[in-house]
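Chemist: Got a structure here, written out as structure tokens. Questions coming.
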Amino acid sequence: MSRNGLKVWLLVGEIAVSLYLGFSAARAQSTSQQTPAPAATPSKLAEEQFKNIQVLKGIPADQVVPSMQFISASLGVECEYCHVHGAMEKDDKKPKVTARKMITMMMAINKDNFEGRRDVTCFSCHRGTKEPVGTPIIRDEEAEPDNDGGKKSDEGNPALPPAGQLLHKYLAALGGTDALQKISTRVQKGTVTAFGGERFPVEIYSKGPDRRVSIMHLKGGDSVTGFDGKQGWLGVPGRTHLMSAAENAAARVDADLYFAAHLKTMFQKFTVDAGKKIDGHSTYLVSCQDEGLPPLQLYFDQQSGLLLRLVRYAETPLGRNPTQIDYADYRDAGGVKVPFRWTLARPDNRFTIQVDQIQHNIPVDDAKFVAPPPEPPAAAPKRSTP
């Protein structure tokens with residue numbers, strides 16, 4: 001897959017993640033209002049789906065591309081740095097052979113020194129460059145402290161509010177549980193700005209409790225991301241991808257129209273710290289955690305209680321891929337506050353969604369949430385008989 005093609009898939013996939021509240025920490029627990037997810041079909045292994053897999057044998061096939069994304073972000077390179085365009089299974093390029101050696105070394109370091117945890121990754125040494133960074137970097141400006149804005153107690157530690165209070169304030173700032181649950185459908189229309197300033201129309205249809213579809217109108221045809229309450233999919237012209245088990249679990253929660261009301265029950269543990277300033281606003285950082293999964297980090301405005309930033313991590317066999325979503329332009333829409341703008345950033349791309357129109361409780365046809373039928377396999381060429 002070309003780099004531009006991969007970026008389109010990233011953009012299409014991330015739109016679904018960011019359109020409502022951007023929650024996509026691969027998590028399978030459902031709320032009491034949701035129907036349990038069906039048993040997931042076991043994924044193929046990497047070596048069963050891809051050619052010439054060597055050091056990543058045994059991992060699920062749907063983790064290969066996220067692993068390549070992690071390498072790309074860690075080294076600041078594109079796919080063709082290691083791979084031959086159009087023949088990615090070939091070993092013609094030296095960086096690909098070197099990458100295998102480095103992955104093997106990294107896995108051995110973690111196994112021998114960190115009980116198998118991925119404490120050392122490609123980024124540990126490369127820091128976004130092709131060559132490992134061995135010399136400390138001098139910053140252009142003095143670094144700001146990570147934590148600020150919290151009031152100090154007598155002992156000198158920040159006197160922080162409990163997580164439950166912050167989550168309740170967030171829910172109240174949006175309008176409260178009753179106002180949220182009066183919404184049965186939501187239709188949003190606006191634009192996506194990506195790829196260096198290109199703009200595309202986008203439409204998002206949501207239907208409670210957990211169905212949603214987004215349609216981005218690209219020059220070459222529509223890109224669609226959908227979730228029907230049980231199964232999610234991504235579609236671009238000529239190609240449809242059913243979501244993996246992890247993607248599906250994330251899409252199920254992300255499609256929840258009442259996410260803010262359900263948030264308290266979605267995680268086992270919450271911790272609070274003073275957060276970074278975002279656009280001049282002091283924040284509280286709430287880290288939502290489940291055992292064995294990366295945290296979901298939520299930055300709430302200390303004054304308004306609104307969510308200003310979300311940081312989530314997707315696990316790969318090589319490390320965590322981060323995604324940051326900033327929310328802005330909150331407005332009242334039918335009795336609830338809704339962000340009319342999102343900016344989603346990853347190490348190698350970013351895009352902004354600006355909503356121009358929101359309508360609540362208007363009819364939305366159930367057919368919009370039905371995944372397209374799988375494309376029939378291409379017919380084999382006819383052979384002439386002797």
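Residue numbering restarts at 1 in every chain; chains get A, B, ... in the order shown in the structure tokens, and ligands count up from 1 in that same order.
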When you look at Asp348 of chain A with a cut-off of 8 Å (counting only C-alpha atoms), what residues show up, excluding the ones that are within fewer than 3 positions of it in the same chain? I need them as JSON, numbers by chain.
Modeler: {"A": [73, 76, 345]}
Chemist: Skip segment 97-103 of chain A itself and residues of its chain fewer than 2 positions away, then list as a PyMOL selection string all residues within 12 Å of it, counting only C-alpha atoms.
Modeler: chain A and resi 52-57+67-68+70-72+75+81-83+89-95+105-110+118+120-123+125-126+130-132+317-319
Chemist: Neighbours of Gly175 of chain A within 10 Å (only C-alpha atoms; same-chain residues fewer than 2 positions away dropped), as a list of chain:residue names?
Modeler: A:Lys169, A:Tyr170, A:Leu171, A:Ala172, A:Ala173, A:Thr177, A:Asp178, A:Ala179, A:Leu180, A:Asp332, A:Gly334, A:Gly335, A:Val336, A:Lys337, A:Val338
Chemist: Grab the atom CA of Gln359 of chain A to atom CA of Met216 of chain A distance for me, in Å with one decimal place.
Modeler: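 So the answer is 18.0 Å.
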Chemist: Could you tell me, as number ranges by chain, which residues of segment 88-188 of chain A DSSP assigns to strand (DSSP E or B) when given the backbone?
Modeler: A: 152, 158, 185-188
